[in-house]
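Visitor: This is the structure I have questions about; it appears just below.
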Number of protein chains: 2
Amino acid sequence: MSVKYVYKFSEGNANMRNLLGGKGANLAEMTVLELPVPSGFTVTTEACTKYYDDDKNINDEIKKQIFDNLKDLEKKTKKDFGSVKNPLLVSVRSGARASMPGMMDTILNLGLNDEVVKAFAKLTNNPRFAYDSYRRFIQMFSDVVVELDKSKFEEIIDDMKKSRKINLDTEFTAEDLQEMIKKFKAFFKKEKGYDFPQDPKEQLILSIEAVFRSWDNPRANVYRKMNEIPYSWGTAVNVQEMVFGNMGDDSGTGVAFTRSPSTGENKLFGEFLINAQGEDVVAGIRTPMHIDKLAEVMPDVYKEFTQIADRLEKHYHDMQDMEFTIERGKLFMLQTRNGKRTANAALRVAVEMVRENMITQKQALLSIDPKQLDSLLHPRFDDAKIAKIKPLGSGLPASPGAATGHVVFNADDAVKWKEEGKRVILVRLETSPEDIEGMNAAEGILTVRGGMTSHAAVVARGMGVCCVAGAGDIVMDEKGKNFKLGGITIKEGDWISLDGSTGNIYEGELPTQKANLSGDLAKVMRWADNYRDLEVRANAETPTDSRQALEFGAEGIGLCRTEHMFFGADRIRSMREMIIANDEAEREEALEKLLPLQRGDFEEIFQIMEGKSVTIRLLDPPLHEFLPHDKAGIEGLAKDLKKDYEDVNARINSLKEINPMMGFRGCRLSVKYPEITRMQIRAIIEAALNLQEKKITVYPEIMIPLIGSKKELDYVKSIVIETANKVIMERKTKLNYYVGSMIEIPKACIIADDLAENAEFFSFGTNDLTQLGFGFSRDDAATFLESYYDKKIFESDPFEKLDQEGIGPLVKMAVDKARATKKDIKLGICGEHGGDPSSIEFFHLSGLDYVSCSPFRVPVARLAAAQSSLRNPRNKFVETLIESGNI
Amino acid sequence: MSVKYVYKFSEGNANMRNLLGGKGANLAEMTVLELPVPSGFTVTTEACTKYYDDDKNINDEIKKQIFDNLKDLEKKTKKDFGSVKNPLLVSVRSGARASMPGMMDTILNLGLNDEVVKAFAKLTNNPRFAYDSYRRFIQMFSDVVVELDKSKFEEIIDDMKKSRKINLDTEFTAEDLQEMIKKFKAFFKKEKGYDFPQDPKEQLILSIEAVFRSWDNPRANVYRKMNEIPYSWGTAVNVQEMVFGNMGDDSGTGVAFTRSPSTGENKLFGEFLINAQGEDVVAGIRTPMHIDKLAEVMPDVYKEFTQIADRLEKHYHDMQDMEFTIERGKLFMLQTRNGKRTANAALRVAVEMVRENMITQKQALLSIDPKQLDSLLHPRFDDAKIAKIKPLGSGLPASPGAATGHVVFNADDAVKWKEEGKRVILVRLETSPEDIEGMNAAEGILTVRGGMTSHAAVVARGMGVCCVAGAGDIVMDEKGKNFKLGGITIKEGDWISLDGSTGNIYEGELPTQKANLSGDLAKVMRWADNYRDLEVRANAETPTDSRQALEFGAEGIGLCRTEHMFFGADRIRSMREMIIANDEAEREEALEKLLPLQRGDFEEIFQIMEGKSVTIRLLDPPLHEFLPHDKAGIEGLAKDLKKDYEDVNARINSLKEINPMMGFRGCRLSVKYPEITRMQIRAIIEAALNLQEKKITVYPEIMIPLIGSKKELDYVKSIVIETANKVIMERKTKLNYYVGSMIEIPKACIIADDLAENAEFFSFGTNDLTQLGFGFSRDDAATFLESYYDKKIFESDPFEKLDQEGIGPLVKMAVDKARATKKDIKLGICGEHGGDPSSIEFFHLSGLDYVSCSPFRVPVARLAAAQSSLRNPRNKFVETLIESGNI
């Protein structure tokens, strides 16, 4: 049996979205519901895929099915395609599985030609309308199908307006339009070398091909990448009888939402235009009227429409976004779909629909895009105010939120100014690990270079600090401590404001609002917690971050990076002294100074996280990241340590690495310098014991990074256990603590069964696992990744969304191997993917126990985890109990 | 049932090597053969493992078994341990699964104490001998068991010599020795705080523990790492009734090989000393006599010994290395084992034993260590030239081969100079096990003392390092770091040359000559080729290397690295021009200049490799590797390209990478700059067509490096195919060429099934796979790997020997997935592991089709591949046919 490539609207339904696209499936559903939908048929997404497989060619089988369905449509409408008596005109519209508004092409009024238009003029008794439709068709077809320059047609129109001394298109007479058509056709022939196609069937096939082709246009590709829509899906094409909203004052067209897409208020929200086609609404040339006005203008139509809207919302159990046309007083529905909405609207709609018993809590949770919540969780500018201000320029929206502060040009100044009580924005060409303290001190970070995965972007997202990266228009003068943007020079100390959600950069101090968990968001979070299996923790190492994490509902700290604690002004000196040390004794001496500081850090965090797990990762980065690399810095250090400049310089040089990502770091530091680990363990255990003495419950989890072999884990763990037990014995007391390993090296996944023998928990470091699994470093990939996106080799950033083709299987393999050895081993993930919804679903399906992410992502993760549990219930029985309110 | 930890010699046999160690198993075998072996028993390797598991403690069960067996030994020998009437004395010797000569400890004459020695003196009627035995025992025990400083005992002896005005130990009287014993014991008590142990049972347990402990001594660890002997094996301990070669002129001791270990000649080869203990032979203090002399001195013993030697060789089907002692005219066998031999000897023994019908070809192939062949495959001195040069002097030709290098006088310097990239000759009075690392670092070893079986000679032969031993004419000034020979003073750093095949020592740096495949080696290679399943190719990209590869029997080129072709003076300029180019047009212009040069390179190689596969890897390294990085170089380049210095410098800086190993390289270059790939493909295909026109058969295999995803492979392959087919069409001809992918990124292993859909072959790049799989770069790992070896986390270098714990499984997974998609896909490996025998066996077992290695390793790989096929026959039937000569 041959494949069915074309479906009549009456043959489909809303569940056939993958095959018919969203628009086609919903047109079919409305047809089945017997709503007033103009007849038509859908050419499937499979036909599109076939078209690309066949070297951009619609094969004869598909053509046959199209024409067969066209014949049926003629029967149904009692009109004939290309007839000069009662001609059938159709629209040809794209419709992919996922909504991609405005990204692909549409052709209206198809079926007109020089002869048909005459008949149409007679039939409608409206020659002006008929010729206007034809000239519009020629314009659209020329633009979309044969890609002639649109502006040339506008020029012809403008010339004719001038010669006729008129201002508006509507002032053209039927005769004017006939002349215009002649000019359009002449231009077409001149440019293309052949006549404008007169055969409506040829017009149809060419138009369907054009829509298929538009799947691959640049703006569609960009949109897909942004929204993670696979290229392989393809688009469907809907061919539908034309109805005309532009047949006079008893006609019109409009769009409406069943609730407000901006606030979620339960009230019909929309706009319409009298005597217009849909494109006129979208184009925004005439100002449309509020949908409420329709009740006055056409009360019957309004009543019918509100009833349909109500029915559709109840039918789809979701807020609907509808398009309609009124032709001579008769209402036609052209589209319905679940409406896009702001995060606030999404929450309000969900909560209210549950209250209205329209949907269940489960459905409500599934209706909210977790990624959207992000925008609610960072400080924001006042939307109304910001709309009126022109930005100086913009960069990439690298880390969301809003920030305002004094401009500083280096990390030291950021720290200093912050200590003086000032809010600062750190502006750099690009950031490096040495800037980390300054980045932490800043309200926002602005860089000239680097992409969404540059150091600045990654670190800022991790810290939840607003960041605009890669603002290439900035002319930077780091030495002079100023920069130029948008014709203005900003000097050190001047106020600027950054919007990390849009990438906009503003002059001056703009007021911001702090985010919090309340109202609808708080309610939705409580629901989510009822359904999710995954525990959600946060990555945090400062008191501020830890408190933020708790506020956002984190159930523990899944990653406390101890290295960030060594950059403070009071400790970097001892850290450097330790690194520069000539032998173990010198190293021990410097470590002795760091011990009380580290212990203090841990005490603070344990106190804040009372009763919750705190996973502390041992020192991880290469030691050279802590050292100065410029001559002045090295001289300063040598003087400070009372050492010879040459010696210090030599030591710093000896620590330089060719590939620092793959160098002397992680547990390799513990193997070579176990004394560093001993100090860290002593600090952790002493801090825990100090709090325990104050009756504060602590759950320290000690995590060893970069483990790659069993013996390596055994060795480092033996140091951890020895030291910890020694400290506990010294105090003559007891303490529960746990020791586990990061799984972030490909080999660690392969030998996870062996490693599990000697670990109480694993935490996947999917950042490094992705780097090593793909064989490219995040710092260096920017050079070539753009080409990979352009050429569709990659469709999403593997550092944002876990690659499920190659890295996912490594994670899954490690989970299975670990559980085979130790069924109840605690498994989590603390890479950036821990805050990405699609990755969270993968982790849930892989059988992890928890995800850990930036504090600001915790609510996103809670919702995403709940959604995954709802989509993939681990235990149907428990789910039923929850749903029934019995547990 | 409790574990049996102790076996009498009569309870074991040669197959129990894993449990009894090599020495114990062979003592048992000789006992079973009823050869004259002193009675004894073996404490197993499992007891050693248990000892380490029990925190270095011999548990009661094991002690009980030891003492039970001791009782049996007393019965058998009719002597009593610790008795003052007829005392039993024993030796305590180590014996691991693999031979580790001189690496572990031995205690002789155990069972003596203040009382027993008196009885022993009476019984032997030789007080001098008895007290000499006791003082030797105290010395050995103090050194080995309680680790007192050996030299202190030597000082006591020297002082006594002075006071008695004697020169030789043998001049001491029994009374002198009794006094010496008193002094030894006093020193012992002073140092240790307790008396020298008088209880023979305590002596025994302490000594067994000491031998167990010696398994973990530093020199044993170094030896194991060099010889890839796992730490976990442990050593057995042999306790054996003492026999004495030092009871007078009718006594003696010696070592002998059934054939020459140096040339393989079928003639008893060995040395012995009259009136001596074994340690005297090995220490090389007295110069021993040739074994032939024994026929004159003790004709009956000689006859018995030759018969035993003959019987043992036939029994073991291999050349034997034996130790014997003659006590008052009676021969005792103390050890037999398969003899270590030079590569030439191994080949000759193998070939001759086949001729003698003593072994089959299969056994012959399995008897040769493939790694040893290495020594035959590197340059040698030009025989003709060397004949005209007068040597400074000569020593014993202890380990063959030629070496030239700077003179150093201690092992540490050898290691240090080697690290600085210098070739060194290590010159020592005599070597000791502590020198082992330095010996490994040296090109050659020269000693003043010691014979063909001295430490230096044995170890050097094992390593395949050239050695001239016992060059007694040398006047050595170790402190002054110089020596005199032939009237000339050679200082540290001076060049000398050694011929290990003649024993000659030359002044200066002598030119060396290429090795070739002839004689026994050629014959063995032909045998190997009959048995192996794996194809062996070479990594080569120059005509010289390609010819060398062919000479050594490579069946094709498995890796031709095109980047090496761009460094030539005639092309680096165009390469740089291409890299610095501002746009595609400029790049194309520079590529145009490179095209004819690349084409020429390929023509040459195709011509040399006529009829054989040539696998050409597309450009792989990061582009910055081709650029100058110093100011002068950049200025030169800018001038040369008529560009602005600042622009060129900026471009060079923009190409710098943080982790170049994980950066913009491999197929990523093809994705971003497909024009580079187009040029390379055109060069390959045009070269192939040019030769095809001359009727030369070519098999170009085009290999895409660093592939990590299916779409990436598809994209790059489409460029390859398009360009290749275009070139072929231009010539209106046909060409068979193949396109495949490197598998060197962990993710590529995971998705090998998908990749196989679009590849005709895979070649594993196990260097990069190891780097990424372990998460450390070869360039940076040196910083910490030493700690990993010290702490026994790693026991071998994963870049030399494929890690079968984590990387092996990735390879195996990829092989299985690839074959699941495409059963007959060609699979090979071109990393450095392709020349490592144990890795080759793994690749064979994993189901690869070929290995590719350095040209000099091709014979090693051919033999290793044959051995793997023999050990792991893929098809028993085929194997039988080969063996029977039927195919």
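Going through the structure tokens in order, the chains are called A, B, and so on, while each chain numbers its residues from 1 and the ligands are numbered from 1 in the order shown.
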If you run DSSP on this backbone, which residues of range 268-448 of chain A come out as helix (DSSP H, G or I), and could you give them as an NGL selection string?
Guide: :A and (278-283 or 292-297 or 299-316 or 343-355 or 361-366 or 370-376 or 383-386 or 411-419 or 433-441)
Visitor: Could you list, as a ChimeraX atom specification, every residue of chain A that has an atom within 7 Å of an atom of chain B, counting only C-alpha atoms?
Guide: /A:657-664,668,671-672,708,711-712,745-747,750-751,772-777,779-781,783-784,787,793,806-807
Visitor: Within 12 Å of Glu419 in chain B, counting only C-alpha atoms, which residues show up once you throw out same-chain ones fewer than 6 positions away? Write them as a PyMOL selection string, please.
Guide: chain B and resi 412-413+438+441-442+782
Visitor: Name the residues of range 17-183 of chain A that come out as strand (DSSP E) in a backbone DSSP run; write them as a PDB file with C-alpha atoms, in the first residue's frame.
Guide:
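Output below, filename out_15.pdb:
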```
ATOM      1  CA  GLY A  40      -9.461  21.864   2.793  1.00  0.00           C
ATOM      2  CA  PHE A  41      -6.767  19.274   3.095  1.00  0.00           C
ATOM      3  CA  THR A  42      -3.295  18.866   4.553  1.00  0.00           C
ATOM      4  CA  VAL A  43      -0.146  17.676   2.774  1.00  0.00           C
ATOM      5  CA  VAL A  90      -7.387  28.474  -1.964  1.00  0.00           C
ATOM      6  CA  SER A  91      -4.840  29.518   0.616  1.00  0.00           C
ATOM      7  CA  VAL A  92      -1.602  27.553   0.988  1.00  0.00           C
ATOM      8  CA  ARG A  93      -0.164  27.694   4.509  1.00  0.00           C
ATOM      9  CA  SER A  94       2.678  26.063   6.375  1.00  0.00           C
ATOM     10  CA  GLY A  95       2.103  24.251   9.660  1.00  0.00           C
ATOM     11  CA  ALA A  96       4.863  22.430  11.558  1.00  0.00           C
ATOM     12  CA  THR A 106       1.910  31.552   3.089  1.00  0.00           C
ATOM     13  CA  ILE A 107       0.217  32.187  -0.268  1.00  0.00           C
ATOM     14  CA  LEU A 108      -3.349  33.502  -0.402  1.00  0.00           C
ATOM     15  CA  ASN A 109      -5.889  33.845  -3.241  1.00  0.00           C
ATOM     16  CA  LEU A 110      -4.315  31.040  -5.216  1.00  0.00           C
TER      17      LEU A 110
END
```
Visitor: Name the closest residue to Met104 in chain A among the candidates A:Val222, A:Ala47, A:Ile181, A:Leu510; distances are taken between atoms, counting only C-alpha atoms.
Guide: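 Of the candidates, the smallest distance to Met104 in chain A is held by A:Val222.
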Visitor: As an NGL selection string, please: the residues near Asp53 in chain A (cut-off 12 Å, only C-alpha atoms, same-chain neighbours under 5 positions excluded).
Guide: :A and (46-48 or 58-59 or 212 or 232 or 234)
Visitor: Need the shell around range 578-590 of chain A: protein/DNA/RNA residues with any atom at most 10 Å away, counting only C-alpha atoms. Skip same-chain ones fewer than 3 positions apart. Format as a list in words?
Guide: Ile572, Arg573, Ser574, Met575, Lys593, Leu594, Leu595, Leu623, His624, Phe626, Leu627, Leu637, Ala638, Leu641, Lys643, Asp647, Val648, Asn649, Ala650, Arg651, Ile652, Leu655, Tyr673, Pro674, Glu675, Ile676, Arg678 and Met679 of chain A
Visitor: Neighbours of range 330-342 of chain B within 8 Å (only C-alpha atoms; same-chain residues fewer than 4 positions away dropped), as JSON, numbers by chain?
Guide: {"B": [22, 23, 26, 27, 35, 36, 37, 38, 243, 251, 257, 260, 261, 262, 263, 264, 301, 304, 305, 316, 318, 319, 320, 321, 322, 323, 324, 325, 326, 346, 372, 399, 400, 458, 461, 462, 464]}
Visitor: Put those residues in a file: N, CA and C atoms, as an mmCIF file, in the first residue's frame.
Guide:
```cif
data_model
loop_
_atom_site.group_PDB
_atom_site.id
_atom_site.type_symbol
_atom_site.label_atom_id
_atom_site.label_comp_id
_atom_site.auth_asym_id
_atom_site.auth_seq_id
_atom_site.Cartn_x
_atom_site.Cartn_y
_atom_site.Cartn_z
ATOM 1 N N GLY B 22 57.930 -18.929 39.927
ATOM 2 C CA GLY B 22 58.713 -19.657 38.931
ATOM 3 C C GLY B 22 59.726 -20.586 39.578
ATOM 4 N N LYS B 23 60.463 -20.052 40.544
ATOM 5 C CA LYS B 23 61.508 -20.864 41.163
ATOM 6 C C LYS B 23 60.904 -22.066 41.875
ATOM 7 N N ASN B 26 59.565 -24.755 39.469
ATOM 8 C CA ASN B 26 60.617 -25.508 38.797
ATOM 9 C C ASN B 26 61.409 -26.397 39.762
ATOM 10 N N LEU B 27 61.565 -25.957 40.991
ATOM 11 C CA LEU B 27 62.186 -26.827 41.993
ATOM 12 C C LEU B 27 61.314 -28.066 42.187
ATOM 13 N N LEU B 35 65.630 -35.272 40.048
ATOM 14 C CA LEU B 35 66.959 -34.686 39.912
ATOM 15 C C LEU B 35 67.474 -34.374 41.310
ATOM 16 N N PRO B 36 68.768 -34.190 41.457
ATOM 17 C CA PRO B 36 69.313 -33.930 42.789
ATOM 18 C C PRO B 36 69.001 -32.498 43.256
ATOM 19 N N VAL B 37 67.871 -32.370 43.934
ATOM 20 C CA VAL B 37 67.464 -31.053 44.432
ATOM 21 C C VAL B 37 67.408 -31.138 45.949
ATOM 22 N N PRO B 38 68.047 -30.227 46.668
ATOM 23 C CA PRO B 38 67.905 -30.225 48.127
ATOM 24 C C PRO B 38 66.433 -30.073 48.478
ATOM 25 N N VAL B 243 72.792 -26.324 50.862
ATOM 26 C CA VAL B 243 73.971 -27.093 50.485
ATOM 27 C C VAL B 243 75.071 -26.068 50.291
ATOM 28 N N SER B 251 84.211 -28.435 46.354
ATOM 29 C CA SER B 251 82.896 -27.803 46.326
ATOM 30 C C SER B 251 82.933 -26.619 45.368
ATOM 31 N N PHE B 257 73.753 -21.917 31.067
ATOM 32 C CA PHE B 257 72.659 -21.945 30.094
ATOM 33 C C PHE B 257 72.873 -23.136 29.176
ATOM 34 N N SER B 260 73.888 -20.634 24.257
ATOM 35 C CA SER B 260 74.418 -19.293 24.521
ATOM 36 C C SER B 260 73.286 -18.271 24.599
ATOM 37 N N PRO B 261 73.158 -17.581 25.697
ATOM 38 C CA PRO B 261 72.092 -16.586 25.810
ATOM 39 C C PRO B 261 72.377 -15.355 24.962
ATOM 40 N N SER B 262 73.564 -15.291 24.451
ATOM 41 C CA SER B 262 73.951 -14.102 23.706
ATOM 42 C C SER B 262 73.822 -14.329 22.201
ATOM 43 N N THR B 263 74.215 -15.536 21.741
ATOM 44 C CA THR B 263 74.116 -15.802 20.299
ATOM 45 C C THR B 263 73.112 -16.898 19.991
ATOM 46 N N GLY B 264 72.781 -17.706 20.982
ATOM 47 C CA GLY B 264 71.844 -18.813 20.756
ATOM 48 C C GLY B 264 72.536 -20.102 20.331
ATOM 49 N N VAL B 301 81.187 -34.814 37.847
ATOM 50 C CA VAL B 301 80.153 -33.803 38.091
ATOM 51 C C VAL B 301 79.761 -33.163 36.766
ATOM 52 N N GLU B 304 77.532 -35.446 34.785
ATOM 53 C CA GLU B 304 76.181 -35.490 35.360
ATOM 54 C C GLU B 304 75.418 -34.202 35.026
ATOM 55 N N PHE B 305 76.151 -33.106 35.149
ATOM 56 C CA PHE B 305 75.500 -31.822 34.913
ATOM 57 C C PHE B 305 75.037 -31.685 33.459
ATOM 58 N N TYR B 316 61.617 -29.142 29.134
ATOM 59 C CA TYR B 316 60.911 -27.854 29.077
ATOM 60 C C TYR B 316 60.738 -27.346 27.637
ATOM 61 N N ASP B 318 62.729 -25.797 25.982
ATOM 62 C CA ASP B 318 63.256 -24.433 25.874
ATOM 63 C C ASP B 318 64.654 -24.395 26.483
ATOM 64 N N MET B 319 65.414 -23.410 26.078
ATOM 65 C CA MET B 319 66.735 -23.203 26.611
ATOM 66 C C MET B 319 66.623 -22.910 28.109
ATOM 67 N N GLN B 320 67.456 -23.612 28.927
ATOM 68 C CA GLN B 320 67.364 -23.470 30.374
ATOM 69 C C GLN B 320 68.518 -22.658 30.943
ATOM 70 N N ASP B 321 68.198 -21.940 32.005
ATOM 71 C CA ASP B 321 69.169 -21.171 32.779
ATOM 72 C C ASP B 321 69.175 -21.822 34.163
ATOM 73 N N MET B 322 70.312 -22.438 34.536
ATOM 74 C CA MET B 322 70.346 -23.284 35.735
ATOM 75 C C MET B 322 71.348 -22.760 36.760
ATOM 76 N N GLU B 323 71.025 -22.983 38.027
ATOM 77 C CA GLU B 323 71.998 -22.725 39.095
ATOM 78 C C GLU B 323 72.309 -24.055 39.775
ATOM 79 N N PHE B 324 73.547 -24.224 40.094
ATOM 80 C CA PHE B 324 73.914 -25.495 40.747
ATOM 81 C C PHE B 324 74.969 -25.248 41.812
ATOM 82 N N THR B 325 75.039 -26.199 42.712
ATOM 83 C CA THR B 325 76.084 -26.147 43.739
ATOM 84 C C THR B 325 76.686 -27.549 43.866
ATOM 85 N N ILE B 326 77.981 -27.570 44.057
ATOM 86 C CA ILE B 326 78.658 -28.860 44.273
ATOM 87 C C ILE B 326 79.135 -28.862 45.721
ATOM 88 N N ALA B 346 67.342 -15.560 20.792
ATOM 89 C CA ALA B 346 65.976 -16.076 20.807
ATOM 90 C C ALA B 346 65.605 -16.611 19.434
ATOM 91 N N GLN B 372 61.446 -7.854 22.271
ATOM 92 C CA GLN B 372 62.895 -7.983 22.140
ATOM 93 C C GLN B 372 63.370 -7.685 20.725
ATOM 94 N N SER B 399 75.563 -7.577 26.118
ATOM 95 C CA SER B 399 74.234 -7.436 25.525
ATOM 96 C C SER B 399 74.415 -6.734 24.188
ATOM 97 N N PRO B 400 74.020 -7.373 23.085
ATOM 98 C CA PRO B 400 74.398 -6.883 21.754
ATOM 99 C C PRO B 400 73.660 -5.619 21.328
ATOM 100 N N VAL B 458 72.841 -9.286 32.838
ATOM 101 C CA VAL B 458 71.515 -9.910 32.843
ATOM 102 C C VAL B 458 70.417 -8.885 32.585
ATOM 103 N N ARG B 461 70.483 -7.325 28.949
ATOM 104 C CA ARG B 461 69.928 -8.233 27.935
ATOM 105 C C ARG B 461 68.405 -8.250 28.027
ATOM 106 N N GLY B 462 67.904 -8.262 29.243
ATOM 107 C CA GLY B 462 66.451 -8.256 29.419
ATOM 108 C C GLY B 462 65.818 -7.017 28.822
ATOM 109 N N GLY B 464 67.100 -5.296 26.386
ATOM 110 C CA GLY B 464 67.500 -5.075 25.002
ATOM 111 C C GLY B 464 68.395 -3.871 24.860
#
```
Visitor: In Å, how far is it from CA of Ile496 in chain B to CA of Arg857 in chain B?
Guide: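 Spanning CA of Ile496 in chain B to CA of Arg857 in chain B is a straight-line distance of 27.0 Å.
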Visitor: Can you tell me how far CA of Asp143 in chain B sits from CA of Leu273 in chain B, in Å to one decimal?
Guide: 24.6 Å
Visitor: Calculate how many Å separate CA of Met813 in chain B from CA of Pro705 in chain B, rounding to one decimal.
Guide: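 Answer for the CA of Met813 in chain B to CA of Pro705 in chain B separation: 19.2 Å.
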Visitor: Which residue, B:Thr77, B:Thr431, B:Thr258, B:Asn113, has the smallest gap to Gln203 in chain B when you use only C-alpha atoms?
Guide: B:Asn113
Visitor: Which residues are close to Gly487 in chain A, i.e. within 10 Å by only C-alpha atoms, leaving aside same-chain residues fewer than 4 positions away? Reply as a VMD selection string.
Guide: chain A and resid 392 to 393 474
Visitor: Convert the current residue selection to file output with N, CA and C atoms, as an mmCIF file, in the first residue's frame.
Guide:
```cif
data_model
loop_
_atom_site.group_PDB
_atom_site.id
_atom_site.type_symbol
_atom_site.label_atom_id
_atom_site.label_comp_id
_atom_site.auth_asym_id
_atom_site.auth_seq_id
_atom_site.Cartn_x
_atom_site.Cartn_y
_atom_site.Cartn_z
ATOM 1 N N LEU A 392 21.525 51.534 24.685
ATOM 2 C CA LEU A 392 22.745 52.000 24.011
ATOM 3 C C LEU A 392 23.155 51.029 22.930
ATOM 4 N N GLY A 393 22.878 49.762 23.195
ATOM 5 C CA GLY A 393 23.265 48.705 22.261
ATOM 6 C C GLY A 393 22.902 47.397 22.920
ATOM 7 N N ILE A 474 30.914 47.389 21.191
ATOM 8 C CA ILE A 474 31.619 48.215 22.169
ATOM 9 C C ILE A 474 33.045 48.485 21.700
#
```
